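For reference, the structure discussed in these notes is given below.
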Amino acid sequence: MENKNINAGNWTSRTNKTVHHLAIWTGGWVLTMALATFGPQFLWVDNQFLTITAIVLNLAIGLGMILANIRHLKVLDEMMQKIQLEAMGLALGLGVVGGLSYSLLDVTNIISSDAEISYLVILIALTYITAVFINHKRYQ
């Protein structure tokens with residue numbers, strides 16, 4: 001019985017560690033996204049080198065975030081992995097299908113405004129969060 005508690009504590013410790021690392025990478029990615037977006041407008045004007053550097057930094061931090069997410073998924077138990085992967089699959093599928101349909105609406109001038117990537121990101125995020133919540137309730 002005591003070994004199970006030690007293993008459970010170890011698992012919790014590893015999960016908390018990967019969540020912490022994922023949060024740091026995600027926060028870094030958001031900050032570098034803001035830097036790459038607003039830097040050219042407010043911090044440096046018309047400096048293409050700094051803009052490219054900020055974008056490359058954002059890309060590198062984004063790759064680190066992806067790897068942190070993979071490491072986090074690997075330490076989750078099977079049920080949490082299933083919940084996360086189903087939510088990610090749904091968000092990816094809806095993002096691709098919905099995003100391409102949205103783009104087609106723009107390209108064919110069915111909608112008067114330009115298709116904005118931010119709307120697609122919001123759709124993906126809301127789909128993912130909703131799917132995690134629903135799956136968590138469903139598998140309890």
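Chain lettering (A, B, ...) mirrors the order of the structure tokens, residue numbering begins at 1 for each chain separately, and ligand numbering begins at 1 in order of display.
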Chain A: which residues are alpha helix (DSSP H) by DSSP, as a PyMOL selection string? chain A and resi 2-38+48-75+78-107+117-139
So the first atom is CA of Thr18 (chain A) and the second is CA of Ala68 (chain A); what is the distance between them in Å, to one decimal place? 7.1 Å
A:Asp114, A:Gln84, A:Gly89, A:Leu120 ranked by distance to Val132 (chain A), top pick (using only C-alpha atoms):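 Comparing A:Asp114, A:Gln84, A:Gly89, A:Leu120 against Val132 (chain A), the winner is A:Gln84.
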Spatial neighbours of Val121 (chain A), max dist 12 Å, only C-alpha atoms, sep filter under 3 positions, as a ChimeraX atom specification: /A:91-92,94-96,98-99,115-118,124-128
Kindly save the residues from that selection, with all heavy atoms included, as a CSV table (one decimal), in the first residue's frame.
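The resulting part.csv:
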```csv
chain,number,residue,atom,x,y,z
A,91,ALA,N,-10.4,19.7,-31.9
A,91,ALA,CA,-10.0,21.1,-32.2
A,91,ALA,C,-9.2,21.2,-33.5
A,91,ALA,O,-9.4,22.2,-34.3
A,91,ALA,CB,-9.2,21.6,-31.0
A,92,LEU,N,-8.3,20.3,-33.8
A,92,LEU,CA,-7.6,20.3,-35.0
A,92,LEU,C,-8.5,20.1,-36.2
A,92,LEU,O,-8.4,20.9,-37.2
A,92,LEU,CB,-6.5,19.2,-35.0
A,92,LEU,CG,-5.7,19.0,-36.3
A,92,LEU,CD1,-4.9,20.2,-36.7
A,92,LEU,CD2,-4.9,17.8,-36.3
A,94,LEU,N,-11.8,20.6,-36.5
A,94,LEU,CA,-12.7,21.7,-36.7
A,94,LEU,C,-11.9,22.9,-37.1
A,94,LEU,O,-12.4,23.7,-38.0
A,94,LEU,CB,-13.4,22.0,-35.3
A,94,LEU,CG,-14.5,23.1,-35.4
A,94,LEU,CD1,-15.6,22.6,-36.4
A,94,LEU,CD2,-15.1,23.3,-34.1
A,95,GLY,N,-10.6,23.1,-36.7
A,95,GLY,CA,-9.8,24.2,-37.1
A,95,GLY,C,-9.5,24.1,-38.6
A,95,GLY,O,-9.6,25.1,-39.3
A,96,VAL,N,-9.1,22.9,-39.0
A,96,VAL,CA,-8.8,22.8,-40.4
A,96,VAL,C,-10.0,22.9,-41.3
A,96,VAL,O,-10.0,23.7,-42.3
A,96,VAL,CB,-8.1,21.4,-40.7
A,96,VAL,CG1,-7.9,21.1,-42.2
A,96,VAL,CG2,-6.7,21.4,-40.0
A,98,GLY,N,-13.1,24.0,-40.5
A,98,GLY,CA,-13.7,25.3,-40.3
A,98,GLY,C,-12.9,26.5,-40.9
A,98,GLY,O,-13.4,27.4,-41.5
A,99,GLY,N,-11.6,26.4,-40.7
A,99,GLY,CA,-10.7,27.4,-41.2
A,99,GLY,C,-10.7,27.5,-42.7
A,99,GLY,O,-10.7,28.6,-43.3
A,115,ALA,N,-11.0,37.2,-44.0
A,115,ALA,CA,-10.9,36.1,-43.0
A,115,ALA,C,-9.7,36.4,-42.1
A,115,ALA,O,-8.6,36.6,-42.6
A,115,ALA,CB,-10.8,34.8,-43.7
A,116,GLU,N,-10.0,36.5,-40.8
A,116,GLU,CA,-8.9,36.8,-39.8
A,116,GLU,C,-8.5,35.6,-39.1
A,116,GLU,O,-9.4,34.8,-38.6
A,116,GLU,CB,-9.4,37.9,-38.9
A,116,GLU,CG,-9.8,39.2,-39.5
A,116,GLU,CD,-8.5,40.0,-39.9
A,116,GLU,OE1,-7.4,39.7,-39.4
A,116,GLU,OE2,-8.7,40.8,-40.9
A,117,ILE,N,-7.2,35.3,-39.0
A,117,ILE,CA,-6.7,34.2,-38.3
A,117,ILE,C,-7.1,34.2,-36.8
A,117,ILE,O,-7.3,33.1,-36.2
A,117,ILE,CB,-5.2,34.0,-38.5
A,117,ILE,CG1,-4.7,32.7,-38.0
A,117,ILE,CG2,-4.5,35.2,-37.8
A,117,ILE,CD1,-5.0,31.5,-38.9
A,118,SER,N,-7.3,35.3,-36.3
A,118,SER,CA,-7.6,35.4,-34.8
A,118,SER,C,-9.0,34.7,-34.6
A,118,SER,O,-9.1,34.1,-33.5
A,118,SER,CB,-7.7,36.9,-34.3
A,118,SER,OG,-8.6,37.6,-35.1
A,124,ILE,N,-10.6,27.4,-32.4
A,124,ILE,CA,-9.9,26.2,-31.9
A,124,ILE,C,-9.8,26.2,-30.4
A,124,ILE,O,-10.0,25.1,-29.8
A,124,ILE,CB,-8.5,26.2,-32.6
A,124,ILE,CG1,-8.6,26.0,-34.1
A,124,ILE,CG2,-7.5,25.2,-32.0
A,124,ILE,CD1,-7.3,26.3,-34.9
A,125,ALA,N,-9.5,27.3,-29.8
A,125,ALA,CA,-9.3,27.3,-28.3
A,125,ALA,C,-10.6,27.0,-27.6
A,125,ALA,O,-10.6,26.2,-26.7
A,125,ALA,CB,-8.8,28.7,-27.9
A,126,LEU,N,-11.7,27.6,-28.1
A,126,LEU,CA,-13.0,27.3,-27.5
A,126,LEU,C,-13.4,25.8,-27.7
A,126,LEU,O,-14.0,25.2,-26.8
A,126,LEU,CB,-14.1,28.2,-28.0
A,126,LEU,CG,-13.9,29.7,-27.6
A,126,LEU,CD1,-15.0,30.6,-28.3
A,126,LEU,CD2,-14.0,29.9,-26.1
A,127,THR,N,-13.1,25.3,-28.9
A,127,THR,CA,-13.4,23.9,-29.1
A,127,THR,C,-12.6,23.0,-28.2
A,127,THR,O,-13.2,22.0,-27.6
A,127,THR,CB,-13.1,23.5,-30.6
A,127,THR,OG1,-13.9,24.4,-31.5
A,127,THR,CG2,-13.4,22.1,-30.9
A,128,TYR,N,-11.4,23.3,-28.1
A,128,TYR,CA,-10.5,22.5,-27.2
A,128,TYR,C,-11.0,22.5,-25.8
A,128,TYR,O,-11.1,21.5,-25.1
A,128,TYR,CB,-9.0,22.9,-27.3
A,128,TYR,CG,-8.1,22.3,-26.3
A,128,TYR,CD1,-7.7,21.0,-26.5
A,128,TYR,CD2,-7.7,23.0,-25.2
A,128,TYR,CE1,-6.9,20.4,-25.5
A,128,TYR,CE2,-6.8,22.4,-24.3
A,128,TYR,CZ,-6.4,21.1,-24.5
A,128,TYR,OH,-5.6,20.6,-23.5
```
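You can rank A:Lys74, A:Ile55, A:Asn16, A:Phe49 by their closest distance to Ala36 (chain A) using only C-alpha atoms, and at the top of that list sits A:Ile55.
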Between A:Lys82, A:Leu67, A:Thr130, A:Arg138, single out the one closest to Thr26 (chain A), counting only C-alpha atoms.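 Smallest distance to Thr26 (chain A) is found for A:Leu67.
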Rounded to one decimal place, report the CA of Arg14 (chain A)-CA of Tyr139 (chain A) distance in Å.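 Between CA of Arg14 (chain A) and CA of Tyr139 (chain A) the gap works out to 22.7 Å.
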I'd like the neighbourhood of Gln81 (chain A) as a ChimeraX atom specification, where a residue qualifies if any of its atoms comes within 12 Å (using only C-alpha atoms), though same-chain residues fewer than 3 positions away should be ignored. /A:69-78,84-89,132,135-136,139
For the residues selected in the previous step, produce a file with N, CA, C and O atoms as a compact mmCIF listing (two decimals), in the first residue's frame.
```txt
# COMPACT_ATOMS: atom_id res chain seq x y z
N ASN A 69 4.40 20.43 -24.32
CA ASN A 69 3.07 19.82 -24.35
C ASN A 69 3.17 18.31 -24.55
O ASN A 69 2.47 17.54 -23.89
N ILE A 70 4.05 17.88 -25.43
CA ILE A 70 4.26 16.44 -25.66
C ILE A 70 4.78 15.77 -24.39
O ILE A 70 4.30 14.70 -24.00
N ARG A 71 5.77 16.39 -23.73
CA ARG A 71 6.28 15.83 -22.48
C ARG A 71 5.18 15.74 -21.43
O ARG A 71 5.10 14.76 -20.69
N HIS A 72 4.34 16.75 -21.38
CA HIS A 72 3.24 16.74 -20.41
C HIS A 72 2.26 15.60 -20.71
O HIS A 72 1.84 14.89 -19.80
N LEU A 73 1.91 15.42 -21.97
CA LEU A 73 0.98 14.35 -22.34
C LEU A 73 1.54 12.98 -21.97
O LEU A 73 0.79 12.08 -21.58
N LYS A 74 2.85 12.81 -22.07
CA LYS A 74 3.47 11.51 -21.78
C LYS A 74 3.38 11.13 -20.31
O LYS A 74 3.41 9.94 -20.00
N VAL A 75 3.29 12.10 -19.39
CA VAL A 75 3.24 11.75 -17.97
C VAL A 75 1.81 11.62 -17.46
O VAL A 75 1.61 11.19 -16.33
N LEU A 76 0.83 11.97 -18.28
CA LEU A 76 -0.56 11.83 -17.85
C LEU A 76 -0.96 10.37 -17.83
O LEU A 76 -0.41 9.54 -18.57
N ASP A 77 -1.95 10.04 -17.00
CA ASP A 77 -2.46 8.68 -17.02
C ASP A 77 -3.28 8.47 -18.29
O ASP A 77 -3.55 9.40 -19.03
N GLU A 78 -3.65 7.22 -18.56
CA GLU A 78 -4.32 6.89 -19.81
C GLU A 78 -5.63 7.64 -20.00
O GLU A 78 -5.96 8.06 -21.11
N GLN A 84 -7.38 14.49 -23.37
CA GLN A 84 -6.60 15.51 -24.06
C GLN A 84 -6.51 15.24 -25.56
O GLN A 84 -6.71 16.15 -26.37
N LEU A 85 -6.23 14.01 -25.93
CA LEU A 85 -6.06 13.70 -27.35
C LEU A 85 -7.37 13.81 -28.12
O LEU A 85 -7.38 14.28 -29.26
N GLU A 86 -8.48 13.41 -27.51
CA GLU A 86 -9.77 13.59 -28.18
C GLU A 86 -10.09 15.07 -28.37
O GLU A 86 -10.57 15.48 -29.43
N ALA A 87 -9.80 15.87 -27.35
CA ALA A 87 -10.05 17.31 -27.46
C ALA A 87 -9.16 17.94 -28.52
O ALA A 87 -9.60 18.77 -29.31
N MET A 88 -7.89 17.54 -28.54
CA MET A 88 -6.96 18.07 -29.54
C MET A 88 -7.36 17.66 -30.95
O MET A 88 -7.29 18.47 -31.88
N GLY A 89 -7.79 16.41 -31.10
CA GLY A 89 -8.22 15.94 -32.42
C GLY A 89 -9.43 16.70 -32.92
O GLY A 89 -9.49 17.09 -34.09
N VAL A 132 -12.45 19.30 -23.69
CA VAL A 132 -11.81 18.81 -22.46
C VAL A 132 -12.85 18.75 -21.34
O VAL A 132 -12.94 17.75 -20.62
N ASN A 135 -15.43 15.92 -22.15
CA ASN A 135 -14.82 14.60 -22.00
C ASN A 135 -14.50 14.28 -20.54
O ASN A 135 -14.65 13.14 -20.11
N HIS A 136 -14.07 15.28 -19.80
CA HIS A 136 -13.78 15.06 -18.38
C HIS A 136 -15.05 14.64 -17.64
O HIS A 136 -15.03 13.70 -16.85
N TYR A 139 -16.11 10.98 -18.79
CA TYR A 139 -15.31 9.85 -18.33
C TYR A 139 -15.21 9.75 -16.81
O TYR A 139 -14.53 8.87 -16.30
```
